[in-house]
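Next up, upload-v9.csv (CSV, C-alpha atoms):
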```csv
chain,number,residue,atom,x,y,z
A,3,MET,CA,-7.0,-107.2,-28.8
A,4,PRO,CA,-7.3,-107.0,-25.0
A,5,HIS,CA,-10.3,-108.1,-23.1
A,6,LEU,CA,-11.8,-110.1,-26.0
A,7,ASP,CA,-11.7,-113.2,-23.8
A,8,ALA,CA,-13.6,-111.4,-21.1
A,9,ALA,CA,-16.2,-110.1,-23.6
A,10,TYR,CA,-16.7,-113.5,-25.1
A,11,ASN,CA,-16.8,-115.3,-21.8
A,12,LEU,CA,-19.6,-113.0,-20.5
A,13,ALA,CA,-21.5,-113.2,-23.8
A,14,ARG,CA,-21.1,-117.0,-23.8
A,15,TRP,CA,-22.5,-117.4,-20.3
A,16,LEU,CA,-25.4,-114.9,-21.0
A,17,ALA,CA,-26.4,-116.3,-24.4
A,18,GLY,CA,-25.8,-119.9,-23.5
A,19,ASN,CA,-24.2,-121.0,-26.8
A,20,ASP,CA,-21.2,-120.3,-28.9
A,21,GLN,CA,-22.8,-118.9,-32.1
A,22,ASP,CA,-25.0,-116.3,-30.3
A,23,ALA,CA,-22.1,-115.4,-28.0
A,24,GLN,CA,-19.8,-114.8,-31.0
A,25,ASP,CA,-22.4,-112.5,-32.6
A,26,VAL,CA,-22.9,-110.5,-29.4
A,27,ALA,CA,-19.2,-110.3,-28.6
A,28,GLN,CA,-18.4,-109.2,-32.1
A,29,GLU,CA,-21.0,-106.5,-32.3
A,30,ALA,CA,-20.1,-105.2,-28.8
A,31,THR,CA,-16.3,-105.2,-29.6
A,32,LEU,CA,-16.7,-103.4,-32.9
A,33,ARG,CA,-19.0,-100.9,-31.3
A,34,ALA,CA,-16.5,-100.3,-28.5
A,35,PHE,CA,-13.6,-99.9,-31.0
A,36,LYS,CA,-15.6,-97.6,-33.2
A,37,PHE,CA,-16.1,-95.2,-30.4
A,38,PHE,CA,-12.8,-95.3,-28.6
A,39,GLY,CA,-10.2,-96.7,-30.9
A,40,SER,CA,-8.3,-98.6,-28.3
A,41,PHE,CA,-8.7,-99.9,-24.7
A,42,ARG,CA,-6.2,-100.1,-21.9
A,43,GLY,CA,-6.3,-101.1,-18.3
A,44,ASP,CA,-9.0,-102.4,-16.0
A,45,ASN,CA,-11.6,-99.8,-16.6
A,46,ALA,CA,-11.6,-100.5,-20.3
A,47,ARG,CA,-12.5,-104.0,-19.4
A,48,SER,CA,-15.5,-103.0,-17.3
A,49,TRP,CA,-16.5,-100.5,-20.0
A,50,LEU,CA,-16.3,-103.1,-22.7
A,51,LEU,CA,-18.2,-105.6,-20.6
A,52,SER,CA,-21.0,-103.1,-19.9
A,53,ILE,CA,-21.3,-102.7,-23.7
A,54,VAL,CA,-21.4,-106.5,-24.1
A,55,ARG,CA,-24.2,-106.6,-21.5
A,56,ASN,CA,-26.2,-103.9,-23.3
A,57,THR,CA,-25.7,-105.5,-26.6
A,58,PHE,CA,-26.8,-108.8,-25.2
A,59,TYR,CA,-30.0,-107.5,-23.7
A,60,THR,CA,-30.9,-105.7,-26.9
A,61,TRP,CA,-30.2,-109.0,-28.8
A,62,LEU,CA,-32.3,-110.9,-26.2
A,63,ARG,CA,-35.3,-108.6,-26.7
A,64,LYS,CA,-35.0,-109.1,-30.4
A,65,ASN,CA,-34.2,-112.8,-30.7
A,66,ARG,CA,-35.7,-114.4,-27.6
A,67,PRO,CA,-38.5,-112.0,-26.5
A,68,MET,CA,-40.0,-114.8,-24.5
A,69,GLU,CA,-37.1,-115.2,-22.2
A,70,LYS,CA,-37.9,-113.8,-18.9
A,71,THR,CA,-35.6,-111.0,-17.7
A,72,VAL,CA,-35.7,-108.3,-15.0
A,73,ASP,CA,-39.2,-109.3,-13.9
A,74,ILE,CA,-37.7,-111.3,-11.1
A,75,ASP,CA,-38.8,-109.5,-8.1
A,76,ASP,CA,-35.9,-109.6,-5.8
A,77,GLU,CA,-38.0,-109.5,-2.7
A,78,THR,CA,-40.5,-112.2,-3.7
A,79,LEU,CA,-38.0,-114.7,-4.9
A,80,GLU,CA,-37.9,-116.8,-1.8
A,81,ILE,CA,-35.3,-119.5,-1.4
A,82,GLU,CA,-35.7,-121.8,1.5
A,83,ASP,CA,-32.4,-121.6,3.3
A,84,SER,CA,-30.9,-123.0,6.5
A,85,SER,CA,-31.7,-126.6,5.6
A,86,ALA,CA,-29.6,-126.4,2.5
A,87,GLN,CA,-26.8,-124.9,4.6
A,88,SER,CA,-26.7,-127.6,7.2
A,89,GLU,CA,-24.4,-129.9,5.2
A,90,PRO,CA,-21.0,-129.0,3.8
A,91,VAL,CA,-21.0,-128.5,0.0
A,92,PRO,CA,-17.8,-130.0,-1.4
A,93,PHE,CA,-15.8,-128.6,-4.2
A,94,ALA,CA,-17.8,-129.4,-7.4
A,95,ASP,CA,-16.4,-130.5,-10.8
A,96,ALA,CA,-16.7,-128.1,-13.7
A,97,ASP,CA,-19.5,-130.0,-15.5
A,98,ALA,CA,-21.7,-129.8,-12.4
A,99,VAL,CA,-21.0,-126.1,-11.8
A,100,CYS,CA,-21.6,-125.4,-15.5
A,101,ARG,CA,-25.1,-127.0,-15.4
A,102,ALA,CA,-25.8,-125.1,-12.1
A,103,ILE,CA,-24.8,-121.7,-13.5
A,104,ALA,CA,-26.7,-122.3,-16.7
A,105,GLY,CA,-29.9,-122.9,-14.7
A,106,LEU,CA,-29.7,-119.5,-13.0
A,107,PRO,CA,-31.9,-116.6,-14.1
A,108,VAL,CA,-29.9,-114.4,-16.4
A,109,GLU,CA,-29.7,-111.4,-14.0
A,110,PHE,CA,-28.2,-113.7,-11.4
A,111,ARG,CA,-25.9,-115.3,-13.8
A,112,GLU,CA,-24.3,-112.1,-15.0
A,113,ILE,CA,-23.5,-111.0,-11.4
A,114,VAL,CA,-21.9,-114.4,-10.6
A,115,ILE,CA,-19.7,-114.2,-13.8
A,116,LEU,CA,-18.7,-110.6,-13.1
A,117,ARG,CA,-17.9,-111.3,-9.5
A,118,GLU,CA,-16.3,-114.8,-9.5
A,119,MET,CA,-14.8,-115.0,-13.0
A,120,GLU,CA,-13.9,-111.3,-13.6
A,121,GLY,CA,-13.3,-110.3,-10.0
A,122,PHE,CA,-15.2,-107.0,-10.1
A,123,SER,CA,-16.1,-105.3,-6.8
A,124,TYR,CA,-19.8,-104.9,-5.8
A,125,LYS,CA,-19.5,-101.2,-6.7
A,126,GLU,CA,-18.2,-101.9,-10.1
A,127,ILE,CA,-20.8,-104.5,-10.8
A,128,ALA,CA,-23.5,-102.1,-9.6
A,129,GLU,CA,-22.3,-99.5,-12.1
A,130,MET,CA,-22.1,-102.0,-15.0
A,131,ALA,CA,-25.5,-103.6,-14.3
A,132,GLU,CA,-27.0,-100.2,-13.5
A,133,VAL,CA,-28.6,-101.5,-10.3
A,134,PRO,CA,-28.0,-100.4,-6.6
A,135,ILE,CA,-25.3,-102.1,-4.7
A,136,GLY,CA,-27.9,-103.6,-2.4
A,137,THR,CA,-29.4,-105.4,-5.4
A,138,VAL,CA,-26.0,-106.7,-6.4
A,139,MET,CA,-25.5,-108.1,-2.9
A,140,SER,CA,-29.0,-109.7,-2.7
A,141,ARG,CA,-28.8,-111.2,-6.2
A,142,LEU,CA,-25.3,-112.6,-5.5
A,143,ALA,CA,-26.4,-114.1,-2.2
A,144,ARG,CA,-29.5,-115.7,-3.7
A,145,ALA,CA,-27.5,-116.9,-6.7
A,146,ARG,CA,-25.1,-118.6,-4.4
A,147,LYS,CA,-27.9,-120.2,-2.4
A,148,LEU,CA,-29.4,-121.6,-5.7
A,149,LEU,CA,-26.0,-122.9,-6.8
A,150,GLN,CA,-25.3,-124.5,-3.5
A,151,LYS,CA,-28.7,-126.2,-3.5
A,152,ARG,CA,-28.2,-127.5,-7.0
A,153,LEU,CA,-24.7,-128.7,-6.4
A,154,ALA,CA,-25.7,-130.4,-3.1
A,155,ALA,CA,-28.5,-132.2,-5.0
A,156,GLU,CA,-25.9,-133.5,-7.5
A,157,PHE,CA,-23.8,-135.0,-4.7
A,158,LYS,CA,-26.7,-136.9,-3.2
A,159,PRO,CA,-26.8,-140.6,-4.1
A,160,GLU,CA,-29.2,-141.5,-6.8
A,161,GLY,CA,-32.0,-142.8,-4.7
A,162,GLN,CA,-32.2,-139.7,-2.5
A,163,ARG,CA,-32.6,-137.1,-5.3
B,5,MET,CA,-23.9,-110.6,17.2
B,6,ASN,CA,-26.5,-113.3,16.6
B,7,CYS,CA,-27.1,-115.5,13.6
B,8,GLN,CA,-29.8,-113.3,12.3
B,9,GLN,CA,-27.3,-110.4,12.1
B,10,ALA,CA,-24.4,-112.5,10.9
B,11,LYS,CA,-26.2,-114.2,8.0
B,12,PRO,CA,-26.3,-111.2,5.6
B,13,LEU,CA,-22.6,-110.4,6.3
B,14,ILE,CA,-21.2,-113.8,5.3
B,15,ASP,CA,-21.2,-113.2,1.6
B,16,PRO,CA,-19.6,-109.8,1.8
B,17,TYR,CA,-17.1,-111.2,4.2
B,18,ALA,CA,-16.2,-114.0,1.9
B,19,ASP,CA,-15.8,-111.5,-0.9
B,20,GLY,CA,-13.6,-109.2,1.1
B,21,GLU,CA,-16.3,-106.5,0.9
B,22,LEU,CA,-17.3,-106.2,4.5
B,23,GLU,CA,-16.3,-103.1,6.3
B,24,ALA,CA,-13.6,-103.4,8.9
B,25,SER,CA,-15.8,-102.5,11.8
B,26,ALA,CA,-18.1,-105.4,11.1
B,27,VAL,CA,-15.3,-107.9,10.4
B,28,LEU,CA,-14.2,-108.3,14.0
B,29,GLU,CA,-17.7,-108.8,15.3
B,30,LEU,CA,-18.5,-111.3,12.6
B,31,GLU,CA,-15.3,-113.2,13.2
B,32,GLN,CA,-16.1,-113.4,16.9
B,33,HIS,CA,-19.5,-114.8,16.0
B,34,LEU,CA,-18.0,-117.4,13.6
B,35,LYS,CA,-15.8,-118.7,16.3
B,36,ASP,CA,-18.8,-119.4,18.5
B,37,CYS,CA,-21.3,-120.5,15.9
B,38,PRO,CA,-20.7,-123.7,13.9
B,39,ALA,CA,-23.7,-123.2,11.7
B,40,CYS,CA,-22.5,-119.8,10.5
B,41,ALA,CA,-19.0,-121.0,10.2
B,42,LEU,CA,-20.3,-123.8,7.9
B,43,ALA,CA,-22.2,-121.3,5.8
B,44,LEU,CA,-19.0,-119.4,5.3
B,45,ARG,CA,-17.1,-122.5,4.4
B,46,ASN,CA,-19.8,-123.4,1.8
B,47,VAL,CA,-19.6,-119.9,0.2
B,48,GLN,CA,-15.8,-120.2,0.1
B,49,SER,CA,-15.9,-123.7,-1.4
B,50,LEU,CA,-18.5,-122.5,-4.0
B,51,LYS,CA,-16.3,-119.5,-4.9
B,52,LYS,CA,-13.4,-122.0,-5.5
B,53,SER,CA,-15.6,-124.2,-7.6
B,54,LEU,CA,-16.6,-121.2,-9.8
B,55,LYS,CA,-13.0,-120.1,-10.4
B,56,GLN,CA,-12.0,-123.3,-12.3
B,57,ASP,CA,-10.2,-122.5,-15.6
B,58,ALA,CA,-12.5,-125.0,-17.3
B,59,LEU,CA,-15.4,-122.7,-16.7
B,60,TYR,CA,-13.8,-119.7,-18.5
B,61,PHE,CA,-14.6,-119.5,-22.2
B,62,ALA,CA,-11.7,-118.0,-24.1
B,63,ALA,CA,-12.6,-116.2,-27.3
B,64,PRO,CA,-12.4,-118.6,-30.4
B,65,ALA,CA,-9.6,-117.7,-32.8
B,66,GLU,CA,-12.1,-117.3,-35.6
B,67,LEU,CA,-14.0,-114.6,-33.7
B,68,ARG,CA,-10.7,-112.8,-33.0
B,69,LYS,CA,-9.8,-112.9,-36.7
B,70,ARG,CA,-13.2,-111.8,-37.8
B,71,ILE,CA,-13.2,-108.8,-35.6
B,72,GLN,CA,-9.6,-107.8,-36.6
B,73,ALA,CA,-10.6,-108.0,-40.2
B,74,GLN,CA,-13.4,-105.4,-39.6
B,75,LEU,CA,-11.3,-103.0,-37.6
B,76,PRO,CA,-9.9,-99.9,-39.3
B,77,SER,CA,-6.2,-100.0,-39.7
B,78,PRO,CA,-4.3,-98.3,-36.9
B,79,ALA,CA,-3.4,-95.3,-39.0
B,80,LYS,CA,-7.0,-94.5,-39.5
B,81,SER,CA,-8.2,-94.6,-35.9
B,82,SER,CA,-8.5,-91.3,-34.2
B,83,PRO,CA,-5.2,-90.2,-32.7
B,84,GLN,CA,-6.8,-88.0,-30.0
B,85,TRP,CA,-7.5,-91.1,-27.9
B,86,ARG,CA,-4.0,-92.4,-28.0
B,87,GLY,CA,-2.5,-90.2,-25.4
B,88,TRP,CA,-5.2,-90.7,-22.9
B,89,SER,CA,-4.5,-92.8,-19.9
B,90,TRP,CA,-7.4,-94.9,-18.7
B,91,ASN,CA,-6.0,-94.8,-15.2
B,92,TRP,CA,-7.7,-91.6,-14.2
B,93,LEU,CA,-11.0,-93.4,-14.6
B,94,THR,CA,-10.4,-95.4,-11.5
B,95,THR,CA,-11.1,-92.4,-9.5
B,96,ALA,CA,-14.4,-91.8,-11.2
B,97,THR,CA,-17.3,-92.4,-8.9
B,98,THR,CA,-19.8,-92.8,-11.6
B,99,GLY,CA,-20.0,-95.7,-14.0
B,100,ALA,CA,-17.2,-96.3,-16.5
B,101,PHE,CA,-19.6,-95.4,-19.3
B,102,THR,CA,-20.6,-92.1,-17.7
B,103,ALA,CA,-17.0,-91.4,-17.2
B,104,CYS,CA,-16.4,-91.9,-20.9
B,105,LEU,CA,-19.1,-89.4,-21.6
B,106,ALA,CA,-17.5,-87.0,-19.2
B,107,LEU,CA,-14.2,-87.5,-21.1
B,108,LEU,CA,-16.0,-86.7,-24.3
B,109,LEU,CA,-17.5,-83.7,-22.6
B,110,THR,CA,-14.1,-82.4,-21.4
B,111,LEU,CA,-12.7,-82.8,-24.9
B,112,THR,CA,-15.6,-81.0,-26.5
B,113,LEU,CA,-15.7,-78.2,-24.1
B,114,SER,CA,-12.3,-77.1,-25.3
B,115,ARG,CA,-13.5,-77.0,-28.9
B,116,PRO,CA,-14.1,-73.7,-30.5
B,117,SER,CA,-17.5,-72.0,-29.9
B,118,PRO,CA,-19.1,-72.3,-33.4
B,119,GLU,CA,-20.0,-75.8,-32.4
B,120,GLN,CA,-21.6,-74.5,-29.2
B,121,LEU,CA,-23.6,-72.0,-31.2
B,122,LEU,CA,-24.8,-74.7,-33.5
B,123,ALA,CA,-25.7,-76.9,-30.6
B,124,ARG,CA,-27.8,-74.1,-29.1
B,125,ASP,CA,-29.5,-73.6,-32.4
B,126,ALA,CA,-30.2,-77.3,-32.6
B,127,VAL,CA,-31.6,-77.3,-29.0
B,128,SER,CA,-33.9,-74.3,-29.9
B,129,SER,CA,-35.2,-76.2,-32.9
B,130,HIS,CA,-35.7,-79.3,-30.7
B,131,ILE,CA,-37.7,-77.2,-28.2
B,132,ARG,CA,-39.8,-75.6,-31.0
B,133,SER,CA,-40.5,-79.0,-32.3
B,134,LEU,CA,-42.0,-80.1,-29.0
B,135,ILE,CA,-44.8,-77.5,-29.3
B,136,PRO,CA,-47.9,-79.6,-30.1
B,137,GLY,CA,-48.4,-79.9,-33.8
B,138,HIS,CA,-44.8,-78.9,-34.7
B,139,THR,CA,-43.0,-82.1,-34.2
B,140,LEU,CA,-43.7,-83.9,-37.5
B,141,ASP,CA,-44.2,-82.9,-41.2
B,142,VAL,CA,-44.4,-86.5,-42.3
B,143,VAL,CA,-45.7,-89.1,-39.8
B,144,SER,CA,-44.4,-92.6,-40.5
B,145,THR,CA,-42.5,-95.4,-38.8
B,146,ASP,CA,-41.3,-96.6,-42.2
B,147,GLN,CA,-37.9,-95.4,-43.4
B,148,HIS,CA,-38.9,-96.0,-47.0
B,149,THR,CA,-41.7,-93.4,-46.5
B,150,VAL,CA,-39.7,-90.9,-44.6
B,151,LYS,CA,-36.6,-90.8,-46.8
B,152,PRO,CA,-38.3,-90.1,-50.1
B,153,TRP,CA,-40.4,-87.5,-48.4
B,154,PHE,CA,-37.4,-85.2,-48.3
B,155,ASN,CA,-36.9,-85.4,-52.1
B,156,GLY,CA,-37.4,-82.1,-53.7
B,157,LYS,CA,-37.6,-80.3,-50.4
B,158,ILE,CA,-33.9,-80.3,-49.6
B,159,ASP,CA,-30.8,-80.8,-51.9
B,160,PHE,CA,-29.5,-83.8,-50.1
B,161,SER,CA,-30.8,-87.2,-49.0
B,162,PRO,CA,-30.4,-87.9,-45.3
B,163,PRO,CA,-29.7,-91.5,-44.1
B,164,VAL,CA,-32.9,-92.8,-42.5
B,165,LYS,CA,-32.6,-95.9,-40.4
B,166,ASP,CA,-35.1,-98.3,-38.8
B,167,LEU,CA,-34.0,-98.6,-35.1
B,168,ALA,CA,-37.3,-100.1,-33.8
B,169,SER,CA,-35.6,-103.3,-32.8
B,170,GLN,CA,-33.2,-101.3,-30.7
B,171,ALA,CA,-36.2,-99.7,-29.0
B,172,PHE,CA,-35.7,-96.4,-30.7
B,173,PRO,CA,-38.7,-96.4,-33.1
B,174,LEU,CA,-38.7,-93.9,-36.0
B,175,ILE,CA,-41.8,-91.7,-35.8
B,176,GLY,CA,-41.3,-89.4,-38.7
B,177,GLY,CA,-39.5,-86.5,-40.3
B,178,ARG,CA,-39.6,-82.7,-40.5
B,179,LEU,CA,-38.0,-80.0,-42.5
B,180,ASP,CA,-36.0,-77.6,-40.3
B,181,TYR,CA,-33.7,-74.6,-40.7
B,182,ILE,CA,-30.6,-74.4,-38.6
B,183,ASN,CA,-27.7,-72.0,-38.7
B,184,GLY,CA,-28.5,-70.6,-42.1
B,185,HIS,CA,-29.2,-73.8,-43.9
B,186,ASN,CA,-31.9,-76.5,-44.4
B,187,ALA,CA,-31.7,-79.5,-42.2
B,188,ALA,CA,-33.5,-82.8,-42.2
B,189,ALA,CA,-34.9,-83.6,-38.8
B,190,LEU,CA,-35.5,-87.3,-38.1
B,191,ILE,CA,-37.6,-87.9,-35.1
B,192,TYR,CA,-37.1,-91.0,-33.0
B,193,GLN,CA,-38.6,-92.0,-29.7
B,194,ARG,CA,-37.6,-93.9,-26.6
B,195,ASN,CA,-40.5,-94.4,-24.3
B,196,LYS,CA,-42.0,-90.9,-24.0
B,197,HIS,CA,-38.7,-89.1,-24.9
B,198,VAL,CA,-38.5,-87.4,-28.3
B,199,ILE,CA,-35.1,-87.5,-30.1
B,200,ASN,CA,-34.5,-85.0,-32.9
B,201,LEU,CA,-31.7,-86.1,-35.1
B,202,PHE,CA,-30.7,-83.1,-37.3
B,203,VAL,CA,-28.8,-83.9,-40.5
B,204,TRP,CA,-27.2,-81.7,-43.1
B,205,PRO,CA,-24.3,-81.9,-45.5
B,206,ALA,CA,-21.0,-81.8,-43.5
B,207,THR,CA,-18.6,-78.9,-44.0
B,208,GLU,CA,-16.3,-80.4,-41.4
B,209,LYS,CA,-14.1,-83.5,-41.3
B,210,ALA,CA,-15.4,-86.8,-40.0
B,211,SER,CA,-15.5,-86.9,-36.2
B,212,GLN,CA,-16.4,-89.3,-33.4
B,213,PRO,CA,-19.7,-88.8,-31.6
B,214,ALA,CA,-19.1,-86.3,-28.7
B,215,ALA,CA,-21.5,-85.3,-26.0
B,216,LEU,CA,-21.7,-81.5,-25.5
B,217,ALA,CA,-22.5,-79.9,-22.2
B,218,PRO,CA,-26.2,-80.1,-21.7
B,219,ILE,CA,-28.0,-77.0,-22.9
B,220,ARG,CA,-31.2,-76.0,-21.0
B,221,GLY,CA,-31.4,-79.5,-19.7
B,222,PHE,CA,-31.2,-81.2,-23.1
B,223,ASN,CA,-28.4,-83.5,-24.1
B,224,VAL,CA,-26.7,-83.0,-27.4
B,225,ILE,CA,-24.4,-85.4,-29.2
B,226,HIS,CA,-22.6,-84.3,-32.4
B,227,TRP,CA,-20.7,-86.3,-35.0
B,228,SER,CA,-19.9,-86.3,-38.6
B,229,ASP,CA,-19.1,-89.1,-41.1
B,230,GLY,CA,-17.5,-86.6,-43.5
B,231,GLN,CA,-20.5,-86.6,-45.7
B,232,MET,CA,-23.2,-85.5,-43.3
B,233,SER,CA,-23.2,-83.7,-40.0
B,234,PHE,CA,-25.4,-85.2,-37.3
B,235,TRP,CA,-26.8,-83.6,-34.2
B,236,ALA,CA,-28.9,-85.6,-31.8
B,237,VAL,CA,-30.9,-83.7,-29.2
B,238,SER,CA,-33.1,-85.1,-26.5
B,239,ASP,CA,-34.2,-84.9,-22.9
B,240,LEU,CA,-33.2,-88.5,-22.7
B,241,ASN,CA,-30.3,-89.1,-20.3
B,242,GLY,CA,-26.8,-88.9,-21.8
B,243,GLY,CA,-26.2,-92.6,-21.6
B,244,GLU,CA,-29.3,-93.6,-23.5
B,245,LEU,CA,-28.8,-90.8,-26.1
B,246,MET,CA,-25.3,-92.2,-26.7
B,247,GLU,CA,-26.8,-95.6,-27.1
B,248,PHE,CA,-29.1,-94.2,-29.7
B,249,VAL,CA,-26.2,-92.6,-31.5
B,250,GLN,CA,-24.2,-95.8,-31.4
B,251,ASP,CA,-27.1,-97.8,-32.7
B,252,PHE,CA,-27.5,-95.3,-35.5
B,253,ALA,CA,-23.9,-95.1,-36.4
B,254,VAL,CA,-23.0,-98.8,-36.0
B,255,GLY,CA,-26.0,-99.8,-38.1
B,256,LYS,CA,-24.4,-98.2,-41.0
B,257,ILE,CA,-20.9,-99.6,-40.4
B,258,LEU,CA,-22.2,-103.2,-40.3
B,259,ASN,CA,-24.6,-102.8,-43.3
B,260,PRO,CA,-23.0,-100.3,-45.6
```

Go ahead and express the file in the form of structure tokens.
Amino acid sequence: MPHLDAAYNLARWLAGNDQDAQDVAQEATLRAFKFFGSFRGDNARSWLLSIVRNTFYTWLRKNRPMEKTVDIDDETLEIEDSSAQSEPVPFADADAVCRAIAGLPVEFREIVILREMEGFSYKEIAEMAEVPIGTVMSRLARARKLLQKRLAAEFKPEGQR
Amino acid sequence: MNCQQAKPLIDPYADGELEASAVLELEQHLKDCPACALALRNVQSLKKSLKQDALYFAAPAELRKRIQAQLPSPAKSSPQWRGWSWNWLTTATTGAFTACLALLLTLTLSRPSPEQLLARDAVSSHIRSLIPGHTLDVVSTDQHTVKPWFNGKIDFSPPVKDLASQAFPLIGGRLDYINGHNAAALIYQRNKHVINLFVWPATEKASQPAALAPIRGFNVIHWSDGQMSFWAVSDLNGGELMEFVQDFAVGKILNP
């Protein structure tokens, strides 16, 4: 069963826990199989992941209606930069990165996963997430700033946090 | 190039997505500007941090097993998809999903025309139903009201499903007449878009949902489960109508 790891990984990062991720990945995979019988190649992966995405957001509306999604106004979400950029951010260990990703808004999180873990191009991500490429780029840049800020905070000695 | 211009280019540069014409200019700036060079190093270091194997969740074995158990045996799955290479999709400029719809479209276009005629009939019924006062014979969002309403009016019992949680609320049912026989019309809605799902006993073999070429601006998707023939018609875009069809069909598979 190709791409199940990718399906589960995305669902796991979006849903935040194993049980919900399994439910989402299972529903999405069965749905995909029902309609096309088999997958092959890279495009089958992006197609499957876009089904995972849709399944997740439907699940989210039903099970966690209070979780804030899409309302994030890309333009108004200001992140104070430059100061955070003035120091080098060292390579961070998995635990710290994990906490930092989990703290991102879900629309940012999915773009980070699709870009850094799955290696999709901006264009492919734009098609999967059904947003313009410009939005992918701005969300990715903002997500990175947020991650850098959090990781930098982790590295500061206790007293300075 | 100054820092103001360089800043938005750093992420695409680190991702290998910056166009060649801008790359040279940016590289020149990075040589002269320690602040921007540091910003790039930080993005690169973050990218490396995110690519650790420990951050990738592999699918649990139990999930794999559960899914395999629910899949039809290979002999049953539709053979028409076997020969298709997915590679041609790489050239598609639209989304992978849209491309799949296009593939379905290509397949269905080569089918015999009786289906086209039926589709036209279904679209005509859909348009008629949009005339104020003609949409619904029974107004109810409750599947247990809509389904029994058909009893005694037609000689079959259409499957009626509650898809409100998938944002396709049921709004009612209607008796219709398509291609020489009675049809049950189930009316669903997404936002302001009306979806007519026409159902009648199938005379054809079971078939996967297939999008037909839009007729007078309406999207049509047809499938059959071997028992009933289904025709979904709406002015909803093709992707969302397919989502509706999937929700309707999958709902049944998971809760037989």

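Straight-line separation from atom CA of B:Gln147 to atom CA of A:Ala27: 28.1 Å.
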
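With distances taken over only C-alpha atoms, B:Thr145 is the one residue among B:Thr145, B:Asn6, B:Ser133, B:Asn195 lying closest to B:Gly176.
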
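The gap separating atom CA of B:Leu50 from atom CA of A:Ala96 is 11.3 Å, in Å to one decimal.
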
field: Pairwise distance for atom CA of B:Val47 and atom CA of B:Val27, rounded to one decimal in Å
entry: 16.3 Å

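The smallest atom-to-atom distance between A:Ala13 and any of A:Met68, A:Ala34, A:Ile115, A:Ile103, using only C-alpha atoms, is found for A:Ile115.
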
task: Using all atoms listed in the file, find the one residue out of A:Ala145, A:Leu6, A:Val54, A:Ile113 that sits nearest to chain B.
output: A:Leu6
